[in-house]
$ cat start_31.csv   # CSV, C-alpha atoms
chain,number,residue,atom,x,y,z
A,1,SER,CA,119.8,99.5,121.1
A,2,CYS,CA,117.9,97.4,118.6
A,3,PRO,CA,114.3,98.6,118.2
A,4,LEU,CA,113.3,95.1,117.0
A,5,CYS,CA,114.4,93.1,120.1
A,6,ASP,CA,115.8,95.7,122.6
A,7,PHE,CA,119.3,94.2,122.5
A,8,PRO,CA,121.5,96.9,123.9
A,9,VAL,CA,124.4,96.6,121.4
A,10,LEU,CA,124.6,96.8,117.6
A,11,VAL,CA,127.6,95.7,115.6
A,12,ARG,CA,129.1,97.1,112.4
A,13,LEU,CA,130.3,94.2,110.2
A,14,ALA,CA,131.2,96.3,107.2
A,15,LYS,CA,131.0,99.8,105.8
A,16,GLY,CA,127.6,101.1,104.6
A,17,GLU,CA,124.1,100.6,105.9
A,18,MET,CA,123.9,96.8,105.3
A,19,GLY,CA,127.0,96.4,107.6
A,20,LEU,CA,125.0,97.4,110.7
A,21,ARG,CA,123.3,94.5,112.4
A,22,CYS,CA,121.7,93.4,115.6
A,23,PRO,CA,123.7,90.3,116.9
A,24,ARG,CA,120.6,88.9,118.7
A,25,CYS,CA,117.8,89.0,116.1
A,26,ARG,CA,120.1,89.7,113.1
A,27,GLY,CA,117.9,92.6,112.1
A,28,SER,CA,119.3,94.7,109.2
A,29,VAL,CA,119.3,98.5,109.3
A,30,VAL,CA,116.2,98.4,107.0
A,31,HIS,CA,114.2,96.3,109.5
A,32,MET,CA,115.5,98.3,112.4
A,33,SER,CA,114.5,101.5,110.7
A,34,ILE,CA,110.9,100.3,110.2
A,35,ALA,CA,110.7,99.2,113.9
A,36,HIS,CA,112.1,102.5,115.0
A,37,VAL,CA,109.4,104.4,113.1
A,38,LEU,CA,106.6,102.1,114.2
A,39,ASN,CA,107.6,102.5,117.9
A,40,ALA,CA,107.4,106.2,117.4
A,41,CYS,CA,104.2,106.6,115.4
A,42,CYS,CA,102.1,103.6,116.5
A,43,ASP,CA,102.1,103.8,120.3
A,44,THR,CA,99.2,101.3,120.5
A,45,LEU,CA,100.6,98.7,118.1
A,46,CYS,CA,99.2,95.9,120.3
A,47,ASN,CA,95.8,97.0,119.0
A,48,TYR,CA,96.7,96.9,115.3
A,49,SER,CA,95.8,94.4,112.7
A,50,VAL,CA,98.8,94.3,110.4
A,51,TYR,CA,99.6,93.0,106.9
A,52,GLU,CA,103.3,92.5,106.1
A,53,LEU,CA,104.3,91.8,102.5
A,54,SER,CA,106.7,89.0,103.4
A,55,SER,CA,106.7,85.9,105.6
A,56,ARG,CA,110.0,85.7,107.4
A,57,GLY,CA,112.8,87.6,109.1
A,58,PRO,CA,113.3,89.8,112.1
A,59,LEU,CA,110.6,92.3,111.2
A,60,VAL,CA,108.0,89.6,110.9
A,61,LYS,CA,109.0,88.2,114.3
A,62,TYR,CA,108.8,91.7,115.8
A,63,LEU,CA,105.3,92.3,114.4
A,64,LYS,CA,104.1,88.9,115.7
A,65,ARG,CA,105.2,89.9,119.2
A,66,SER,CA,103.9,93.4,119.0
A,67,CYS,CA,100.6,93.6,117.2
A,68,LYS,CA,97.1,92.2,117.7
A,69,SER,CA,97.1,90.1,114.6
A,70,LEU,CA,99.5,89.6,111.7
A,71,THR,CA,98.9,88.5,108.1
A,72,VAL,CA,101.9,87.7,105.9
A,73,SER,CA,102.3,86.6,102.3
A,74,GLU,CA,104.7,85.9,99.5
A,75,PHE,CA,104.5,86.3,95.8
A,76,TRP,CA,105.1,83.6,93.2
A,77,PRO,CA,104.2,84.4,89.6
A,78,ASP,CA,103.0,80.8,89.0
A,79,VAL,CA,100.6,80.8,91.9
A,80,SER,CA,97.2,82.5,91.8
A,81,PRO,CA,96.6,85.2,94.5
A,82,GLY,CA,95.0,83.8,97.5
A,83,GLU,CA,96.2,80.3,97.0
A,84,TRP,CA,98.8,78.5,99.1
A,85,ARG,CA,102.2,77.0,98.6
A,86,ASN,CA,104.1,75.2,101.3
A,87,GLY,CA,101.9,76.6,104.0
A,88,MET,CA,102.2,80.2,102.8
A,89,GLN,CA,99.6,82.3,101.0
A,90,CYS,CA,100.5,83.9,97.7
A,91,GLN,CA,99.4,87.5,97.2
A,92,ASN,CA,100.0,89.9,94.3
A,93,VAL,CA,99.9,93.5,95.5
A,94,GLU,CA,98.3,94.5,92.3
A,95,ARG,CA,95.4,92.0,92.9
A,96,LEU,CA,95.1,91.5,96.7
A,97,THR,CA,92.4,89.1,97.7
A,98,PHE,CA,91.6,90.7,101.1
A,99,SER,CA,88.4,92.6,101.7
A,100,ASP,CA,88.2,96.3,101.9
A,101,GLU,CA,89.3,97.8,105.2
A,102,SER,CA,90.9,94.6,106.5
A,103,PHE,CA,94.0,96.1,108.3
A,104,ASP,CA,95.1,99.0,110.4
A,105,LEU,CA,98.8,98.9,109.3
A,106,CYS,CA,100.7,97.6,106.3
A,107,THR,CA,104.4,97.3,106.1
A,108,SER,CA,106.9,96.2,103.4
A,109,THR,CA,110.6,96.3,102.7
A,110,GLU,CA,112.1,96.7,99.3
A,111,VAL,CA,108.9,95.5,97.4
A,112,PHE,CA,107.4,98.3,95.4
A,113,GLU,CA,110.4,98.9,93.1
A,114,HIS,CA,109.6,95.4,91.7
A,115,VAL,CA,105.8,96.0,91.2
A,116,VAL,CA,104.9,96.3,87.5
A,117,ASP,CA,102.2,98.9,88.1
A,118,ASP,CA,102.9,100.6,91.3
A,119,HIS,CA,99.9,102.9,91.1
A,120,ILE,CA,97.6,99.9,91.2
A,121,GLY,CA,99.6,98.4,94.0
A,122,PHE,CA,99.4,101.6,96.1
A,123,CYS,CA,95.6,101.7,95.4
A,124,GLU,CA,95.3,98.1,96.6
A,125,ILE,CA,97.1,98.9,99.9
A,126,ARG,CA,94.9,101.9,100.3
A,127,ARG,CA,91.8,99.8,99.7
A,128,VAL,CA,92.6,97.1,102.4
A,129,LEU,CA,93.5,99.7,105.0
A,130,ARG,CA,90.9,101.0,107.4
A,131,SER,CA,90.1,104.7,108.0
A,132,GLY,CA,93.1,106.1,109.9
A,133,GLY,CA,95.3,103.2,108.7
A,134,VAL,CA,99.0,103.6,108.0
A,135,PHE,CA,101.4,102.3,105.4
A,136,VAL,CA,105.0,102.2,106.4
A,137,PHE,CA,107.6,100.9,103.9
A,138,SER,CA,111.0,101.1,102.4
A,139,VAL,CA,112.2,101.3,98.8
A,140,PRO,CA,115.5,102.2,97.3
A,141,LEU,CA,115.1,106.0,97.3
A,142,ARG,CA,117.0,109.0,96.0
A,143,VAL,CA,115.4,112.0,97.7
A,144,ASN,CA,117.0,114.7,95.5
A,145,VAL,CA,115.6,113.5,92.1
A,146,ARG,CA,112.3,112.3,90.7
A,147,THR,CA,111.5,108.6,90.2
A,148,LEU,CA,113.5,106.9,87.4
A,149,GLU,CA,111.4,104.4,85.5
A,150,ARG,CA,113.7,101.6,84.5
A,151,ALA,CA,111.4,99.1,82.7
A,152,LYS,CA,107.8,98.7,81.6
A,153,LEU,CA,105.7,95.6,80.9
A,154,ILE,CA,103.6,96.0,77.7
A,155,ASP,CA,101.5,93.1,76.4
A,156,GLY,CA,103.5,90.6,78.4
A,157,GLU,CA,106.9,91.8,77.2
A,158,ILE,CA,109.4,93.7,79.3
A,159,PHE,CA,110.8,96.9,77.7
A,160,HIS,CA,114.0,98.2,79.4
A,161,LEU,CA,114.2,102.0,79.5
A,162,GLU,CA,117.5,101.9,81.4
A,163,GLU,CA,120.3,99.4,82.0
A,164,PRO,CA,118.5,96.4,83.7
A,165,GLU,CA,118.9,96.3,87.5
A,166,TYR,CA,118.2,93.1,89.4
A,167,HIS,CA,117.9,92.7,93.2
A,168,ASP,CA,118.4,89.7,95.5
A,169,ASP,CA,115.5,87.8,96.9
A,170,LEU,CA,115.4,85.3,99.7
A,171,LEU,CA,113.1,82.9,97.8
A,172,ARG,CA,114.5,83.4,94.3
A,173,GLY,CA,118.2,84.0,95.0
A,174,ALA,CA,120.8,86.6,94.2
A,175,GLY,CA,120.2,89.0,91.3
A,176,LYS,CA,116.9,87.4,90.3
A,177,VAL,CA,114.2,90.2,90.7
A,178,LEU,CA,113.9,93.0,88.2
A,179,ALA,CA,113.6,96.5,89.5
A,180,TYR,CA,111.1,98.4,87.4
A,181,ARG,CA,112.0,101.8,88.9
A,182,THR,CA,114.3,103.7,91.4
A,183,TYR,CA,112.1,106.0,93.4
A,184,GLY,CA,112.6,109.7,94.0
A,185,PHE,CA,111.0,112.4,96.1
A,186,ASP,CA,107.8,112.2,94.0
A,187,ILE,CA,106.9,108.9,95.6
A,188,THR,CA,104.7,110.9,98.0
A,189,GLU,CA,102.8,112.3,95.0
A,190,LYS,CA,102.2,108.8,93.8
A,191,LEU,CA,100.7,107.8,97.1
A,192,LEU,CA,98.4,110.8,97.2
A,193,ALA,CA,97.3,110.0,93.7
A,194,ALA,CA,96.4,106.5,95.0
A,195,GLY,CA,94.0,108.0,97.6
A,196,PHE,CA,96.1,108.3,100.7
A,197,SER,CA,95.4,111.5,102.7
A,198,THR,CA,99.0,112.2,103.6
A,199,ALA,CA,102.4,110.9,102.6
A,200,ILE,CA,105.8,111.9,103.8
A,201,ILE,CA,109.4,110.7,103.6
A,202,ASP,CA,110.5,110.2,107.2
A,203,THR,CA,114.3,110.4,107.9
A,204,SER,CA,114.2,110.0,111.7
A,205,ALA,CA,115.7,106.5,111.5
A,206,LYS,CA,118.6,107.8,109.4
A,207,GLU,CA,119.4,110.3,112.2
A,208,HIS,CA,118.8,107.7,115.0
A,209,PHE,CA,121.3,105.3,113.5
A,210,ASP,CA,124.1,107.8,112.9
A,211,GLY,CA,123.4,108.3,109.3
A,212,LEU,CA,123.0,104.6,108.4
A,213,GLY,CA,119.2,104.4,109.0
A,214,ARG,CA,116.9,104.2,106.0
A,215,PRO,CA,114.6,107.0,105.0
A,216,LEU,CA,111.0,105.5,105.1
A,217,ILE,CA,107.7,106.4,103.5
A,218,ILE,CA,104.7,106.9,105.8
A,219,ALA,CA,101.3,107.2,104.2
A,220,MET,CA,98.0,107.6,106.0
A,221,VAL,CA,94.4,106.9,105.0
$ encode --input "start_31.csv" --output "structure tokens"
Amino acid sequence: SCPLCDFPVLVRLAKGEMGLRCPRCRGSVVHMSIAHVLNACCDTLCNYSVYELSSRGPLVKYLKRSCKSLTVSEFWPDVSPGEWRNGMQCQNVERLTFSDESFDLCTSTEVFEHVVDDHIGFCEIRRVLRSGGVFVFSVPLRVNVRTLERAKLIDGEIFHLEEPEYHDDLLRGAGKVLAYRTYGFDITEKLLAAGFSTAIIDTSAKEHFDGLGRPLIIAMV
């Protein structure tokens, strides 16, 4: 069944992980994997104040129904962090405008591979989480190798270290967002260096969805 909406049947539209969908809420395997982990590790989600680094989709709808309060945002490079566009607040994860210890839980899907300085971004998530807070998120991940740095931004100029890789984005369109890295098993080391007390790669969703679930990263303050 779908952990986002409890619909009893999932459909496979194509081979590979993105072919598995919930016909009711249209949740992808990435969204369903996060809900699966949250249902398992956050048994009192109704008491959680949550920050999700997007503003739409099945995961956002699930969090709205399940948690005490939900804050969402989007990122536009031409809008200052904390300002609003079309009724939505802009946030840059490298410069969050929220106060320290604002949330109990932070979630994100396929965001941090696009963050220029992911160490600063992880430190900012750590800063806005309360004691005991949890960060649950997904990124493209190769668990058998170390992180591959694909590009760097130096003095406002992008330097490509590997063949450029661009990902799709709901706001910007297909193939519009540069991936600065492809993460490996050392992502847990990066989170510990940012101040989290524990960080693991959780594969329970992969097992739950017959090998199609996404490995997720869980970090605790």
$ residues_around --input "start_31.csv" --residues "Thr109 of chain A" --least-positions-apart "4" --cutoff "7 Å" --atoms "all atoms listed in the file" --output "count of residues only"
3
$ residues_around --input "start_31.csv" --residues "Thr71 of chain A" --least-positions-apart "3" --cutoff "10 Å" --atoms "all atoms listed in the file" --output "VMD selection string"
chain A and resid 49 to 55 60 63 to 64 89 103 106
$ write_last_selection --input "start_31.csv" --atoms "C-alpha atoms" --output "mmCIF file, in the coordinates of the input"
data_model
loop_
_atom_site.group_PDB
_atom_site.id
_atom_site.type_symbol
_atom_site.label_atom_id
_atom_site.label_comp_id
_atom_site.auth_asym_id
_atom_site.auth_seq_id
_atom_site.Cartn_x
_atom_site.Cartn_y
_atom_site.Cartn_z
ATOM 1 C CA SER A 49 95.800 94.400 112.700
ATOM 2 C CA VAL A 50 98.800 94.300 110.400
ATOM 3 C CA TYR A 51 99.600 93.000 106.900
ATOM 4 C CA GLU A 52 103.300 92.500 106.100
ATOM 5 C CA LEU A 53 104.300 91.800 102.500
ATOM 6 C CA SER A 54 106.700 89.000 103.400
ATOM 7 C CA SER A 55 106.700 85.900 105.600
ATOM 8 C CA VAL A 60 108.000 89.600 110.900
ATOM 9 C CA LEU A 63 105.300 92.300 114.400
ATOM 10 C CA LYS A 64 104.100 88.900 115.700
ATOM 11 C CA GLN A 89 99.600 82.300 101.000
ATOM 12 C CA PHE A 103 94.000 96.100 108.300
ATOM 13 C CA CYS A 106 100.700 97.600 106.300
#
$ closest_residue --input "start_31.csv" --among "A:Tyr166, A:Tyr183, A:Phe209, A:Tyr48" --to "Pro3 of chain A" --atoms "only C-alpha atoms"
A:Phe209
$ atom_distance --input "start_31.csv" --atom1 "atom CA of Ser66 of chain A" --atom2 "atom CA of Cys22 of chain A"
18.1 Å
$ residues_around --input "start_31.csv" --residues "Leu96 of chain A" --least-positions-apart "5" --cutoff "12 Å" --atoms "all atoms listed in the file" --output "PyMOL selection string"
chain A and resi 51+53+73-75+80-83+89-91+102+120-129
$ closest_residue --input "start_31.csv" --among "A:His160, A:Ile201, A:Thr147, A:Leu4" --to "Glu113 of chain A" --atoms "only C-alpha atoms"
A:Thr147
$ atom_distance --input "start_31.csv" --atom1 "atom CA of Arg150 of chain A" --atom2 "atom CA of Ile217 of chain A"
20.5 Å
$ atom_distance --input "start_31.csv" --atom1 "atom CA of Asp168 of chain A" --atom2 "atom CA of Val29 of chain A"
16.4 Å
$ residues_near_point --input "start_31.csv" --point "(113.0, 106.0, 84.5)" --cutoff "8 Å" --atoms "all atoms listed in the file" --output "number ranges by chain"
A: 147-151, 161-162, 181-182
$ closest_residue --input "start_31.csv" --among "A:Val30, A:Leu20, A:Val115, A:Leu141" --to "Val93 of chain A" --atoms "all atoms listed in the file"
A:Val115
$ closest_residue --input "start_31.csv" --among "A:Val116, A:Ala40, A:Val9, A:Val79" --to "Val177 of chain A" --atoms "only C-alpha atoms"
A:Val116
$ residues_around --input "start_31.csv" --residues "Gly19 of chain A" --least-positions-apart "2" --cutoff "12 Å" --atoms "only C-alpha atoms" --output "PyMOL selection string"
chain A and resi 10-17+21-23+26-30+212-213
$ residues_near_point --input "start_31.csv" --point "(100.5, 114.3, 103.1)" --cutoff "8 Å" --atoms "only C-alpha atoms" --output "number ranges by chain"
A: 188, 192, 196-200, 219-220
$ closest_residue --input "start_31.csv" --among "A:Leu45, A:Val136, A:Val221, A:Ile154" --to "Ser108 of chain A" --atoms "all atoms listed in the file"
A:Val136
$ decode --input "start_31.csv" --residues "segment 64-92 of chain A" --atoms "N, CA, C and O atoms" --output "short mmCIF file (atom, residue, chain, number, x, y, z; two decimals), in the first residue's frame"
data_model
loop_
_atom_site.label_atom_id
_atom_site.label_comp_id
_atom_site.auth_asym_id
_atom_site.auth_seq_id
_atom_site.Cartn_x
_atom_site.Cartn_y
_atom_site.Cartn_z
N LYS A 64 1.22 17.86 5.39
CA LYS A 64 0.16 18.75 5.86
C LYS A 64 -0.88 17.99 6.68
O LYS A 64 -1.39 18.49 7.69
N ARG A 65 -1.21 16.78 6.24
CA ARG A 65 -2.19 15.97 6.96
C ARG A 65 -1.63 15.39 8.25
O ARG A 65 -2.37 15.15 9.20
N SER A 66 -0.32 15.15 8.29
CA SER A 66 0.25 14.31 9.34
C SER A 66 0.94 15.05 10.47
O SER A 66 1.03 14.52 11.58
N CYS A 67 1.45 16.26 10.23
CA CYS A 67 2.27 16.92 11.25
C CYS A 67 1.52 18.09 11.90
O CYS A 67 0.46 18.50 11.45
N LYS A 68 2.10 18.58 12.96
CA LYS A 68 1.48 19.69 13.71
C LYS A 68 1.49 20.97 12.89
O LYS A 68 0.49 21.69 12.83
N SER A 69 2.62 21.27 12.28
CA SER A 69 2.71 22.47 11.43
C SER A 69 3.72 22.20 10.33
O SER A 69 4.68 21.44 10.51
N LEU A 70 3.51 22.83 9.19
CA LEU A 70 4.38 22.62 8.04
C LEU A 70 4.77 23.95 7.43
O LEU A 70 3.92 24.78 7.12
N THR A 71 6.07 24.13 7.24
CA THR A 71 6.62 25.28 6.53
C THR A 71 7.24 24.78 5.24
O THR A 71 7.99 23.80 5.25
N VAL A 72 6.92 25.43 4.12
CA VAL A 72 7.47 25.03 2.83
C VAL A 72 8.12 26.24 2.17
O VAL A 72 7.88 27.39 2.56
N SER A 73 8.94 25.98 1.18
CA SER A 73 9.60 27.08 0.47
C SER A 73 10.01 26.60 -0.92
O SER A 73 9.98 25.41 -1.22
N GLU A 74 10.44 27.56 -1.74
CA GLU A 74 11.06 27.28 -3.03
C GLU A 74 12.31 28.15 -3.13
O GLU A 74 12.53 29.04 -2.31
N PHE A 75 13.12 27.88 -4.14
CA PHE A 75 14.33 28.68 -4.34
C PHE A 75 14.31 29.29 -5.73
O PHE A 75 14.17 28.58 -6.73
N TRP A 76 14.43 30.61 -5.78
CA TRP A 76 14.64 31.34 -7.03
C TRP A 76 15.91 32.17 -6.87
O TRP A 76 16.03 32.95 -5.91
N PRO A 77 16.86 32.05 -7.76
CA PRO A 77 18.12 32.78 -7.61
C PRO A 77 17.97 34.29 -7.68
O PRO A 77 18.84 35.03 -7.19
N ASP A 78 16.85 34.78 -8.26
CA ASP A 78 16.65 36.23 -8.38
C ASP A 78 15.74 36.80 -7.30
O ASP A 78 15.32 37.96 -7.38
N VAL A 79 15.43 36.00 -6.27
CA VAL A 79 14.61 36.46 -5.15
C VAL A 79 15.41 36.31 -3.86
O VAL A 79 16.03 35.26 -3.63
N SER A 80 15.42 37.33 -3.03
CA SER A 80 16.18 37.29 -1.78
C SER A 80 15.55 36.29 -0.81
O SER A 80 14.32 36.20 -0.72
N PRO A 81 16.37 35.54 -0.07
CA PRO A 81 15.83 34.60 0.93
C PRO A 81 14.90 35.31 1.91
O PRO A 81 15.22 36.40 2.41
N GLY A 82 13.75 34.70 2.15
CA GLY A 82 12.76 35.26 3.06
C GLY A 82 11.69 36.09 2.37
O GLY A 82 10.64 36.35 2.96
N GLU A 83 11.95 36.50 1.13
CA GLU A 83 10.95 37.25 0.38
C GLU A 83 10.01 36.29 -0.34
O GLU A 83 10.24 35.08 -0.41
N TRP A 84 8.92 36.86 -0.88
CA TRP A 84 7.83 36.03 -1.42
C TRP A 84 7.64 36.27 -2.91
O TRP A 84 7.84 37.39 -3.41
N ARG A 85 7.26 35.21 -3.61
CA ARG A 85 6.89 35.30 -5.02
C ARG A 85 5.65 34.43 -5.24
O ARG A 85 5.66 33.25 -4.90
N ASN A 86 4.62 35.03 -5.78
CA ASN A 86 3.38 34.30 -6.09
C ASN A 86 2.87 33.51 -4.88
O ASN A 86 2.42 32.37 -5.00
N GLY A 87 2.94 34.14 -3.71
CA GLY A 87 2.41 33.52 -2.51
C GLY A 87 3.30 32.48 -1.88
O GLY A 87 2.88 31.79 -0.93
N MET A 88 4.54 32.33 -2.35
CA MET A 88 5.46 31.33 -1.82
C MET A 88 6.75 32.00 -1.36
O MET A 88 7.28 32.86 -2.06
N GLN A 89 7.23 31.57 -0.22
CA GLN A 89 8.47 32.15 0.31
C GLN A 89 9.69 31.51 -0.35
O GLN A 89 9.74 30.30 -0.56
N CYS A 90 10.65 32.36 -0.67
CA CYS A 90 11.93 31.89 -1.20
C CYS A 90 12.89 31.64 -0.05
O CYS A 90 13.00 32.45 0.87
N GLN A 91 13.56 30.50 -0.08
CA GLN A 91 14.63 30.22 0.86
C GLN A 91 15.82 29.63 0.11
O GLN A 91 15.66 28.83 -0.80
N ASN A 92 17.00 30.06 0.51
CA ASN A 92 18.26 29.50 0.03
C ASN A 92 18.83 28.68 1.17
O ASN A 92 19.11 29.22 2.25
#
